[in-house]
$ cat upload_34.txt   # compact mmCIF, C-alpha atoms
# COMPACT_ATOMS: atom_id res chain seq x y z
CA MET R 1 -9.84 37.23 -16.53
CA ASN R 2 -7.39 34.71 -15.04
CA LYS R 3 -3.74 35.56 -15.40
CA PRO R 4 -2.12 32.96 -17.72
CA VAL R 5 0.79 30.86 -16.52
CA ALA R 6 3.82 30.93 -18.78
CA PRO R 7 3.83 27.64 -20.76
CA PHE R 8 6.54 25.24 -19.61
CA LEU R 9 7.50 24.24 -23.10
CA ALA R 10 8.00 27.83 -24.14
CA VAL R 11 10.10 28.47 -21.03
CA ALA R 12 12.22 25.40 -21.71
CA THR R 13 13.19 26.67 -25.18
CA SER R 14 14.25 30.11 -23.97
CA PRO R 15 18.07 30.28 -23.50
CA ALA R 16 17.76 33.31 -21.22
CA VAL R 17 15.44 31.48 -18.89
CA LEU R 18 17.41 28.26 -19.03
CA SER R 19 20.59 29.99 -17.93
CA GLY R 20 21.14 29.12 -14.25
CA ALA R 21 17.57 27.85 -13.87
CA GLY R 22 18.49 24.17 -13.40
CA ASP R 23 16.78 21.11 -14.74
CA ARG R 24 13.20 22.05 -15.68
CA ILE R 25 11.91 18.50 -15.14
CA GLU R 26 13.50 18.34 -11.69
CA LEU R 27 11.96 21.68 -10.74
CA MET R 28 8.51 20.53 -11.81
CA GLN R 29 8.92 17.20 -10.02
CA THR R 30 9.90 19.02 -6.85
CA PHE R 31 6.95 21.41 -7.08
CA VAL R 32 4.47 18.56 -7.60
CA ARG R 33 5.98 16.63 -4.68
CA ILE R 34 5.70 19.71 -2.40
CA VAL R 35 2.01 20.06 -3.24
CA GLU R 36 1.23 16.37 -2.80
CA ALA R 37 3.30 15.90 0.36
CA GLY R 38 1.73 18.98 1.96
CA ASN R 39 4.91 20.78 3.01
CA LEU R 40 8.54 21.31 2.09
CA SER R 41 9.92 19.10 4.85
CA ALA R 42 7.87 16.05 3.83
CA ALA R 43 8.73 16.66 0.17
CA ALA R 44 12.44 16.77 1.03
CA THR R 45 12.17 13.45 2.88
CA GLN R 46 10.43 11.76 -0.05
CA LEU R 47 12.91 13.21 -2.55
CA ARG R 48 15.83 12.22 -0.31
CA THR R 49 17.21 15.72 -0.19
CA THR R 50 17.21 18.67 2.21
CA GLN R 51 14.51 21.23 2.90
CA PRO R 52 16.75 24.14 1.81
CA THR R 53 17.30 22.37 -1.53
CA VAL R 54 13.56 21.93 -2.01
CA SER R 55 12.94 25.57 -1.09
CA ARG R 56 15.65 26.70 -3.51
CA ARG R 57 14.13 24.67 -6.37
CA LEU R 58 10.70 26.15 -5.66
CA GLN R 59 12.11 29.68 -5.73
CA THR R 60 13.94 28.95 -8.98
CA LEU R 61 10.75 27.69 -10.60
CA GLU R 62 8.77 30.71 -9.39
CA ARG R 63 11.42 33.11 -10.73
CA SER R 64 11.59 31.36 -14.10
CA LEU R 65 7.79 31.49 -14.49
CA GLY R 66 7.42 34.97 -13.04
CA VAL R 67 4.56 33.97 -10.71
CA ARG R 68 4.06 33.05 -7.06
CA LEU R 69 3.03 29.40 -6.82
CA LEU R 70 2.61 28.94 -3.06
CA GLN R 71 1.55 31.13 -0.16
CA ARG R 72 3.43 30.02 2.92
CA SER R 73 3.14 30.94 6.58
CA THR R 74 4.51 29.42 9.79
CA HIS R 75 1.57 27.04 10.12
CA ALA R 76 0.12 26.58 6.64
CA MET R 77 0.81 26.36 2.93
CA ARG R 78 -1.65 26.82 0.09
CA LEU R 79 -1.53 27.06 -3.67
CA THR R 80 -2.09 30.40 -5.33
CA GLU R 81 -4.44 30.55 -8.29
CA ASP R 82 -1.43 30.41 -10.60
CA GLY R 83 0.01 27.61 -8.49
CA GLN R 84 -3.11 25.49 -8.87
CA ARG R 85 -3.04 25.77 -12.67
CA CYS R 86 0.70 25.19 -12.69
CA TYR R 87 0.29 22.05 -10.58
CA GLU R 88 -2.28 20.55 -12.96
CA ARG R 89 -0.13 21.36 -16.00
CA ALA R 90 3.02 20.06 -14.32
CA LYS R 91 1.39 16.69 -13.52
CA ASP R 92 0.28 16.29 -17.14
CA LEU R 93 3.67 17.28 -18.49
CA LEU R 94 5.55 14.94 -16.16
CA ALA R 95 3.30 12.05 -17.15
CA SER R 96 3.84 12.88 -20.82
CA TRP R 97 7.58 13.09 -20.31
CA ALA R 98 7.66 9.73 -18.54
CA ALA R 99 5.66 8.15 -21.37
CA PHE R 100 7.99 9.77 -23.92
CA GLU R 101 11.07 8.35 -22.18
CA SER R 102 9.47 4.91 -21.95
CA ASP R 103 8.60 4.89 -25.65
CA LEU R 104 12.15 5.85 -26.63
CA ARG R 105 13.79 3.30 -24.37
CA GLY R 106 11.42 0.52 -25.33
CA ALA R 107 8.96 -1.57 -23.37
CA GLY R 108 11.67 -3.99 -22.28
CA ASP R 109 13.86 -1.34 -20.64
CA ALA R 110 14.89 -2.28 -17.08
CA PRO R 111 13.32 -0.02 -14.44
CA GLN R 112 15.43 2.04 -12.09
CA GLY R 113 14.88 4.36 -9.14
CA MET R 114 12.75 4.09 -6.01
CA LEU R 115 9.49 2.17 -5.48
CA ARG R 116 7.50 2.81 -2.29
CA VAL R 117 5.22 -0.07 -1.29
CA VAL R 118 2.86 -0.40 1.68
CA VAL R 119 2.21 -3.98 2.86
CA PRO R 120 0.43 -5.57 5.86
CA HIS R 121 2.77 -6.49 8.74
CA ALA R 122 2.32 -10.26 8.56
CA PHE R 123 2.57 -10.55 4.78
CA GLY R 124 5.27 -7.92 4.60
CA GLN R 125 7.49 -9.70 7.11
CA ASP R 126 6.95 -13.17 5.75
CA ARG R 127 5.30 -14.33 2.53
CA LEU R 128 5.94 -11.27 0.35
CA ILE R 129 9.69 -11.06 1.00
CA GLN R 130 10.44 -13.69 -1.63
CA PRO R 131 8.58 -11.85 -4.44
CA LEU R 132 10.32 -8.66 -3.31
CA ALA R 133 13.69 -10.43 -3.51
CA ASP R 134 12.80 -11.68 -7.00
CA TYR R 135 11.97 -8.12 -8.07
CA LEU R 136 15.20 -6.65 -6.72
CA GLY R 137 17.23 -9.52 -8.11
CA ARG R 138 15.74 -9.10 -11.56
CA TYR R 139 16.11 -5.30 -11.55
CA PRO R 140 19.37 -4.41 -9.77
CA GLN R 141 18.98 -0.68 -10.44
CA MET R 142 15.80 -0.55 -8.35
CA ARG R 143 15.48 0.38 -4.66
CA VAL R 144 12.37 -0.33 -2.60
CA GLU R 145 10.93 1.27 0.53
CA TRP R 146 8.97 -1.57 2.17
CA LEU R 147 6.50 0.07 4.55
CA LEU R 148 4.54 -2.08 7.02
CA HIS R 149 1.00 -0.82 7.59
CA ASP R 150 -2.02 -2.79 8.80
CA ASP R 151 -4.84 -0.32 8.10
CA SER R 152 -7.30 -1.90 5.68
CA VAL R 153 -7.46 1.35 3.71
CA LEU R 154 -4.46 3.55 2.97
CA GLN R 155 -5.86 7.06 3.29
CA ASP R 156 -3.60 9.03 0.98
CA PHE R 157 -1.21 7.46 -1.51
CA ILE R 158 -0.08 10.72 -3.04
CA ALA R 159 0.76 12.62 0.15
CA GLY R 160 2.68 9.61 1.40
CA GLY R 161 4.66 9.27 -1.81
CA VAL R 162 3.44 5.67 -2.12
CA ASP R 163 3.46 3.91 -5.49
CA CYS R 164 1.29 0.94 -4.56
CA ALA R 165 0.03 -1.15 -1.66
CA VAL R 166 -0.96 -4.70 -0.88
CA GLN R 167 -4.35 -4.56 0.83
CA VAL R 168 -6.14 -7.41 2.56
CA GLY R 169 -9.92 -7.02 2.47
CA ALA R 170 -12.36 -5.21 0.22
CA VAL R 171 -11.27 -2.12 -1.72
CA SER R 172 -13.83 0.67 -1.64
CA ASP R 173 -11.91 3.67 -3.00
CA PRO R 174 -13.01 4.30 -6.63
CA ALA R 175 -9.84 6.32 -7.26
CA LEU R 176 -7.71 3.17 -6.97
CA VAL R 177 -6.89 0.45 -9.45
CA ALA R 178 -7.43 -2.83 -7.58
CA ILE R 179 -5.89 -6.04 -8.93
CA LYS R 180 -7.05 -9.15 -7.07
CA LEU R 181 -4.04 -11.35 -6.36
CA ALA R 182 -5.45 -14.18 -4.23
CA GLU R 183 -7.80 -15.19 -1.44
CA VAL R 184 -6.59 -16.16 2.02
CA PRO R 185 -8.45 -19.04 3.74
CA ARG R 186 -9.31 -18.36 7.43
CA ILE R 187 -9.76 -21.12 9.98
CA VAL R 188 -10.66 -21.54 13.66
CA VAL R 189 -7.87 -22.68 15.98
CA ALA R 190 -7.02 -23.02 19.66
CA ALA R 191 -4.33 -24.55 21.85
CA PRO R 192 -5.13 -28.02 23.27
CA SER R 193 -5.33 -26.50 26.77
CA VAL R 194 -8.39 -24.44 25.76
CA LEU R 195 -10.39 -27.67 25.34
CA ALA R 196 -9.17 -28.98 28.69
CA GLY R 197 -9.20 -32.56 27.44
CA ALA R 198 -12.66 -32.38 25.87
CA THR R 199 -13.43 -34.03 22.55
CA LEU R 200 -12.34 -32.00 19.52
CA LEU R 201 -15.29 -29.80 18.58
CA GLU R 202 -16.89 -30.36 15.18
CA GLN R 203 -19.83 -27.94 15.06
CA ALA R 204 -19.68 -24.16 14.83
CA SER R 205 -22.31 -23.83 17.56
CA ASP R 206 -20.00 -25.66 19.99
CA LEU R 207 -17.49 -22.79 19.79
CA ALA R 208 -19.69 -20.10 21.32
CA ALA R 209 -19.04 -21.12 24.94
CA LEU R 210 -15.22 -21.05 24.61
CA PRO R 211 -13.01 -18.05 25.45
CA TRP R 212 -12.24 -16.01 22.33
CA LEU R 213 -9.53 -13.81 20.88
CA ALA R 214 -10.34 -11.10 18.35
CA LEU R 215 -8.47 -9.73 15.36
CA ARG R 216 -9.82 -6.19 15.39
CA THR R 217 -9.18 -5.49 11.72
CA PHE R 218 -11.62 -8.27 10.69
CA TYR R 219 -13.80 -9.31 13.63
CA GLN R 220 -14.46 -8.06 17.16
CA ASN R 221 -17.74 -9.04 18.80
CA GLU R 222 -19.21 -11.38 16.21
CA VAL R 223 -18.00 -14.07 13.83
CA VAL R 224 -19.72 -15.74 10.92
CA LEU R 225 -18.66 -19.24 9.92
CA GLN R 226 -19.73 -21.11 6.80
CA HIS R 227 -19.90 -24.85 6.24
CA ARG R 228 -17.59 -25.87 3.40
CA ALA R 229 -19.90 -28.48 1.91
CA THR R 230 -23.41 -27.10 2.45
CA GLY R 231 -22.79 -23.35 2.57
CA GLU R 232 -24.81 -23.09 5.79
CA ALA R 233 -23.85 -20.00 7.84
CA GLN R 234 -23.57 -19.78 11.63
CA ARG R 235 -23.35 -16.40 13.37
CA LEU R 236 -21.68 -16.40 16.80
CA THR R 237 -21.64 -13.55 19.30
CA ILE R 238 -18.33 -13.46 21.17
CA SER R 239 -16.88 -11.52 24.10
CA PRO R 240 -13.12 -11.58 23.47
CA ARG R 241 -10.68 -11.91 26.35
CA MET R 242 -8.13 -10.12 24.21
CA SER R 243 -8.27 -8.18 20.95
CA THR R 244 -5.39 -7.12 18.73
CA ASP R 245 -4.71 -5.67 15.29
CA SER R 246 -1.73 -7.99 14.71
CA LEU R 247 -2.06 -11.44 13.18
CA TYR R 248 1.22 -12.50 14.80
CA ALA R 249 0.06 -11.32 18.24
CA LEU R 250 -3.19 -13.25 17.72
CA ARG R 251 -1.22 -16.40 16.88
CA SER R 252 1.01 -15.98 19.95
CA ALA R 253 -2.00 -15.49 22.22
CA ALA R 254 -3.61 -18.62 20.78
CA LEU R 255 -0.40 -20.62 21.32
CA ASN R 256 -0.41 -19.51 24.96
CA GLY R 257 -3.89 -20.93 25.43
CA LEU R 258 -5.70 -17.63 25.89
CA GLY R 259 -8.61 -18.57 23.65
CA VAL R 260 -10.03 -19.48 20.26
CA ALA R 261 -8.91 -17.45 17.25
CA ILE R 262 -9.73 -17.10 13.58
CA GLY R 263 -6.62 -16.55 11.52
CA SER R 264 -5.12 -16.88 8.07
CA ALA R 265 -4.43 -20.53 7.33
CA TRP R 266 -0.92 -19.87 6.02
CA VAL R 267 0.34 -18.36 9.27
CA LEU R 268 -1.11 -21.22 11.38
CA ALA R 269 -0.10 -24.19 9.21
CA GLU R 270 3.13 -25.13 11.02
CA ASP R 271 1.48 -24.90 14.44
CA LEU R 272 -1.30 -27.23 13.29
CA THR R 273 1.20 -29.74 11.90
CA SER R 274 3.19 -29.76 15.15
CA GLY R 275 0.08 -30.05 17.32
CA ARG R 276 0.69 -26.75 19.12
CA LEU R 277 -2.70 -25.64 17.79
CA LEU R 278 -5.83 -27.62 16.95
CA HIS R 279 -8.11 -26.98 13.98
CA LEU R 280 -11.56 -26.60 15.53
CA ALA R 281 -14.75 -27.35 13.61
CA PRO R 282 -12.68 -28.08 10.49
CA GLN R 283 -15.71 -28.15 8.19
CA TRP R 284 -16.45 -24.56 9.15
CA GLN R 285 -14.42 -21.50 8.20
CA ALA R 286 -14.69 -17.74 8.03
CA ALA R 287 -15.04 -16.11 4.62
CA PRO R 288 -11.66 -15.98 2.85
CA LEU R 289 -10.02 -12.58 2.66
CA PRO R 290 -9.23 -11.15 -0.77
CA VAL R 291 -5.73 -9.76 -1.33
CA TYR R 292 -5.41 -6.82 -3.71
CA LEU R 293 -2.57 -4.83 -5.18
CA VAL R 294 -3.81 -1.25 -5.37
CA TYR R 295 -2.46 1.99 -6.82
CA PRO R 296 -3.93 5.32 -7.99
CA TYR R 297 -5.34 5.71 -11.48
CA ALA R 298 -2.97 7.59 -13.78
CA SER R 299 -2.50 8.24 -17.47
CA PHE R 300 0.94 6.59 -17.35
CA TYR R 301 2.53 3.99 -15.08
CA PRO R 302 6.34 3.85 -14.84
CA ALA R 303 8.22 0.65 -15.61
CA ARG R 304 9.19 0.20 -11.95
CA LEU R 305 5.51 -0.17 -11.01
CA ARG R 306 4.49 -2.23 -14.04
CA ARG R 307 7.27 -4.77 -13.45
CA PHE R 308 6.41 -5.01 -9.74
CA VAL R 309 2.76 -5.65 -10.57
CA ASP R 310 3.76 -8.44 -12.96
CA ILE R 311 5.89 -10.20 -10.36
CA MET R 312 3.30 -9.90 -7.61
CA ARG R 313 0.48 -11.21 -9.82
CA ALA R 314 2.55 -14.29 -10.62
CA ALA R 315 3.87 -14.97 -7.10
CA VAL R 316 1.18 -14.10 -4.56
CA PRO R 317 -1.36 -16.86 -5.37
CA ASP R 318 1.30 -19.43 -4.43
CA VAL R 319 2.80 -17.70 -1.37
CA VAL R 320 -0.54 -17.23 0.43
CA GLY R 321 -1.60 -20.84 -0.10
CA THR R 322 -1.29 -23.52 2.58

$ encode --input "upload_34.txt" --output "structure tokens"
Amino acid sequence: MNKPVAPFLAVATSPAVLSGAGDRIELMQTFVRIVEAGNLSAAATQLRTTQPTVSRRLQTLERSLGVRLLQRSTHAMRLTEDGQRCYERAKDLLASWAAFESDLRGAGDAPQGMLRVVVPHAFGQDRLIQPLADYLGRYPQMRVEWLLHDDSVLQDFIAGGVDCAVQVGAVSDPALVAIKLAEVPRIVVAAPSVLAGATLLEQASDLAALPWLALRTFYQNEVVLQHRATGEAQRLTISPRMSTDSLYALRSAALNGLGVAIGSAWVLAEDLTSGRLLHLAPQWQAAPLPVYLVYPYASFYPARLRRFVDIMRAAVPDVVGT
């Protein structure tokens, strides 16, 4: 028979246990963060405290419960059987506590604390700064960690201490809530020097013979273009002179005349207006890229995340337009 873990609520009402044991909620939060971060050092970084403090909180929780929660060695850490059950209970209790606080304070209560957000480099340095400023201006007690990350899939929200992410491209993880914010048009461009004085190309098939640049996160050796009016699709095999995972590097390479590129219309708009870049085969474009706000499923979402979602849903459709 499994050894039962002492119930948290019972522990919290015992004066003898409470004496010198510290804040029970803080101890549980620290324990859950240790488990999800994978080690004490990462947990300390995410909690903005020191590793000795995290270790001391863990020891206090273990003493108050009378069980060993983690087995630690120089190279590894794993939950004990009691620790696994404690972790599941602690997550439920923390979610319940957060919901309880939210109910008491009211739905309109201003959020406070830290929000960790992962955003693509280009969006995160440019178009999404204004919605971020709106969020911080509206909620002065909030702080935000704005983390630039171009991977199309964020592998582990929980271990990274991330609350949500803006993701460009399809979302395939069933464990994530995915809110579609907008679609980003993608067009074909090149510097005038790439055409070497030739007539501006109108057909997708005319592009195949030109030198190409690739944006590795979305296309490498092949591109598919669709006619805006008819829906006809053209598939082109390309051999890129340069490939990159950065939209800004792609734009810079195109401006320097290194080849043809397919990029987000919003980042190329000023260059097209000034004539530094030309819009090739303007009736043809690559499939637009969906933009999602994603975060893990949970039984309760804190006000800091809910308010951020509201602002992003309202702002992003306008800021990614051209």

$ closest_residue --input "upload_34.txt" --among "R:Val291, R:Ala37, R:Ala98, R:Val320" --to "Gly160 (chain R)" --atoms "all atoms listed in the file"
R:Ala37

$ residues_around --input "upload_34.txt" --residues "Gln234 (chain R)" --least-positions-apart "2" --cutoff "8 Å" --atoms "only C-alpha atoms" --output "list in words"
Ala204, Ser205, Val224, Leu225, Gln226, Glu232 and Leu236 of chain R

$ residues_near_point --input "upload_34.txt" --point "(11.6, 22.7, -6.2)" --cutoff "8 Å" --atoms "all atoms listed in the file" --output "MDAnalysis selection string"
chainID R and resid 26:31 34 53:61

$ closest_residue --input "upload_34.txt" --among "R:Ala95, R:Ala43, R:Val184, R:Ala261" --to "Leu207 (chain R)" --atoms "all atoms listed in the file"
R:Ala261

$ closest_residue --input "upload_34.txt" --among "R:Met142, R:Cys86, R:Met77, R:Ala165" --to "Leu65 (chain R)" --atoms "only C-alpha atoms"
R:Cys86

$ residues_around --input "upload_34.txt" --residues "Gly259 (chain R)" --least-positions-apart "4" --cutoff "9 Å" --atoms "all atoms listed in the file" --output "VMD selection string"
chain R and resid 189 to 191 194 210 to 213 240 to 242 253 to 255

$ closest_residue --input "upload_34.txt" --among "R:Ser96, R:Leu79, R:Arg24, R:Gln71" --to "Ser299 (chain R)" --atoms "all atoms listed in the file"
R:Ser96

$ closest_residue --input "upload_34.txt" --among "R:Val144, R:Ile238, R:Ala208, R:Val260" --to "Asn221 (chain R)" --atoms "only C-alpha atoms"
R:Ile238

$ atom_distance --input "upload_34.txt" --atom1 "CA of Leu47 (chain R)" --atom2 "CA of Val294 (chain R)"
22.3 Å

$ closest_residue --input "upload_34.txt" --among "R:Pro288, R:Gly124, R:Gly169, R:Pro192" --to "Ser264 (chain R)" --atoms "all atoms listed in the file"
R:Pro288

$ residues_near_point --input "upload_34.txt" --point "(-9.3, -17.2, 9.8)" --cutoff "10 Å" --atoms "all atoms listed in the file" --output "list in words"
Val184, Pro185, Arg186, Ile187, Val188, Val189, Leu215, Phe218, Tyr219, Leu225, Leu247, Ala261, Ile262, Gly263, Ser264, Ala265, Trp266, Val267, Leu268, Gln285, Ala286, Ala287, Pro288 and Leu289 of chain R

$ atom_distance --input "upload_34.txt" --atom1 "CA of Thr199 (chain R)" --atom2 "CA of Arg251 (chain R)"
22.2 Å

$ atom_distance --input "upload_34.txt" --atom1 "CA of Leu147 (chain R)" --atom2 "CA of Val118 (chain R)"
4.7 Å

$ residues_around --input "upload_34.txt" --residues "region 304-309 of chain R" --least-positions-apart "4" --cutoff "9 Å" --atoms "all atoms listed in the file" --output "PyMOL selection string"
chain R and resi 110-115+131-132+135+139+142+163-164+179+293+313-314

$ build_atoms --input "upload_34.txt" --residues "region 248-259 of chain R" --atoms "all heavy atoms" --output "JSON list (two decimals), keeping the file's coordinate frame"
[["chain", "number", "residue", "atom", "x", "y", "z"],
["R", 248, "TYR", "N", 0.20, -11.77, 14.05],
["R", 248, "TYR", "CA", 1.22, -12.50, 14.80],
["R", 248, "TYR", "C", 0.93, -12.49, 16.29],
["R", 248, "TYR", "O", 1.14, -13.49, 16.99],
["R", 248, "TYR", "CB", 2.60, -11.90, 14.53],
["R", 248, "TYR", "CG", 3.19, -12.31, 13.20],
["R", 248, "TYR", "CD1", 3.95, -11.43, 12.44],
["R", 248, "TYR", "CD2", 3.00, -13.59, 12.71],
["R", 248, "TYR", "CE1", 4.49, -11.81, 11.23],
["R", 248, "TYR", "CE2", 3.55, -13.99, 11.50],
["R", 248, "TYR", "CZ", 4.29, -13.10, 10.76],
["R", 248, "TYR", "OH", 4.83, -13.48, 9.56],
["R", 249, "ALA", "N", 0.42, -11.37, 16.83],
["R", 249, "ALA", "CA", 0.06, -11.32, 18.24],
["R", 249, "ALA", "C", -1.11, -12.26, 18.52],
["R", 249, "ALA", "O", -1.16, -12.93, 19.57],
["R", 249, "ALA", "CB", -0.29, -9.89, 18.65],
["R", 250, "LEU", "N", -2.06, -12.32, 17.58],
["R", 250, "LEU", "CA", -3.19, -13.25, 17.72],
["R", 250, "LEU", "C", -2.69, -14.69, 17.79],
["R", 250, "LEU", "O", -3.12, -15.48, 18.64],
["R", 250, "LEU", "CB", -4.15, -13.07, 16.55],
["R", 250, "LEU", "CG", -5.41, -13.93, 16.57],
["R", 250, "LEU", "CD1", -6.43, -13.32, 17.52],
["R", 250, "LEU", "CD2", -6.00, -14.06, 15.17],
["R", 251, "ARG", "N", -1.79, -15.05, 16.90],
["R", 251, "ARG", "CA", -1.22, -16.40, 16.88],
["R", 251, "ARG", "C", -0.51, -16.70, 18.20],
["R", 251, "ARG", "O", -0.69, -17.78, 18.79],
["R", 251, "ARG", "CB", -0.25, -16.53, 15.72],
["R", 251, "ARG", "CG", 0.60, -17.79, 15.75],
["R", 251, "ARG", "CD", 1.55, -17.84, 14.56],
["R", 251, "ARG", "NE", 2.50, -18.94, 14.67],
["R", 251, "ARG", "CZ", 3.71, -18.83, 15.21],
["R", 251, "ARG", "NH1", 4.12, -17.65, 15.70],
["R", 251, "ARG", "NH2", 4.51, -19.87, 15.26],
["R", 252, "SER", "N", 0.28, -15.76, 18.70],
["R", 252, "SER", "CA", 1.01, -15.98, 19.95],
["R", 252, "SER", "C", 0.06, -16.16, 21.12],
["R", 252, "SER", "O", 0.28, -17.02, 22.00],
["R", 252, "SER", "CB", 1.95, -14.80, 20.23],
["R", 252, "SER", "OG", 2.96, -14.72, 19.24],
["R", 253, "ALA", "N", -1.02, -15.36, 21.15],
["R", 253, "ALA", "CA", -2.00, -15.49, 22.22],
["R", 253, "ALA", "C", -2.69, -16.85, 22.16],
["R", 253, "ALA", "O", -2.93, -17.50, 23.20],
["R", 253, "ALA", "CB", -3.03, -14.37, 22.13],
["R", 254, "ALA", "N", -2.99, -17.30, 20.94],
["R", 254, "ALA", "CA", -3.61, -18.62, 20.78],
["R", 254, "ALA", "C", -2.65, -19.72, 21.25],
["R", 254, "ALA", "O", -3.06, -20.67, 21.94],
["R", 254, "ALA", "CB", -4.02, -18.84, 19.33],
["R", 255, "LEU", "N", -1.38, -19.62, 20.90],
["R", 255, "LEU", "CA", -0.40, -20.62, 21.32],
["R", 255, "LEU", "C", -0.26, -20.68, 22.83],
["R", 255, "LEU", "O", 0.05, -21.73, 23.41],
["R", 255, "LEU", "CB", 0.97, -20.31, 20.69],
["R", 255, "LEU", "CG", 1.10, -20.61, 19.19],
["R", 255, "LEU", "CD1", 2.39, -20.01, 18.64],
["R", 255, "LEU", "CD2", 1.07, -22.13, 18.95],
["R", 256, "ASN", "N", -0.50, -19.55, 23.50],
["R", 256, "ASN", "CA", -0.41, -19.51, 24.96],
["R", 256, "ASN", "C", -1.71, -19.92, 25.64],
["R", 256, "ASN", "O", -1.84, -19.79, 26.86],
["R", 256, "ASN", "CB", 0.00, -18.11, 25.41],
["R", 256, "ASN", "CG", 1.49, -17.88, 25.33],
["R", 256, "ASN", "OD1", 2.23, -18.23, 26.24],
["R", 256, "ASN", "ND2", 1.94, -17.30, 24.22],
["R", 257, "GLY", "N", -2.67, -20.39, 24.85],
["R", 257, "GLY", "CA", -3.89, -20.93, 25.43],
["R", 257, "GLY", "C", -4.87, -19.90, 25.94],
["R", 257, "GLY", "O", -5.72, -20.21, 26.79],
["R", 258, "LEU", "N", -4.81, -18.68, 25.40],
["R", 258, "LEU", "CA", -5.70, -17.63, 25.89],
["R", 258, "LEU", "C", -7.11, -17.73, 25.30],
["R", 258, "LEU", "O", -8.03, -17.12, 25.82],
["R", 258, "LEU", "CB", -5.12, -16.25, 25.59],
["R", 258, "LEU", "CG", -3.78, -15.92, 26.27],
["R", 258, "LEU", "CD1", -3.37, -14.48, 25.97],
["R", 258, "LEU", "CD2", -3.88, -16.15, 27.78],
["R", 259, "GLY", "N", -7.27, -18.45, 24.21],
["R", 259, "GLY", "CA", -8.61, -18.57, 23.65],
["R", 259, "GLY", "C", -8.61, -19.06, 22.22],
["R", 259, "GLY", "O", -7.57, -19.39, 21.64]]
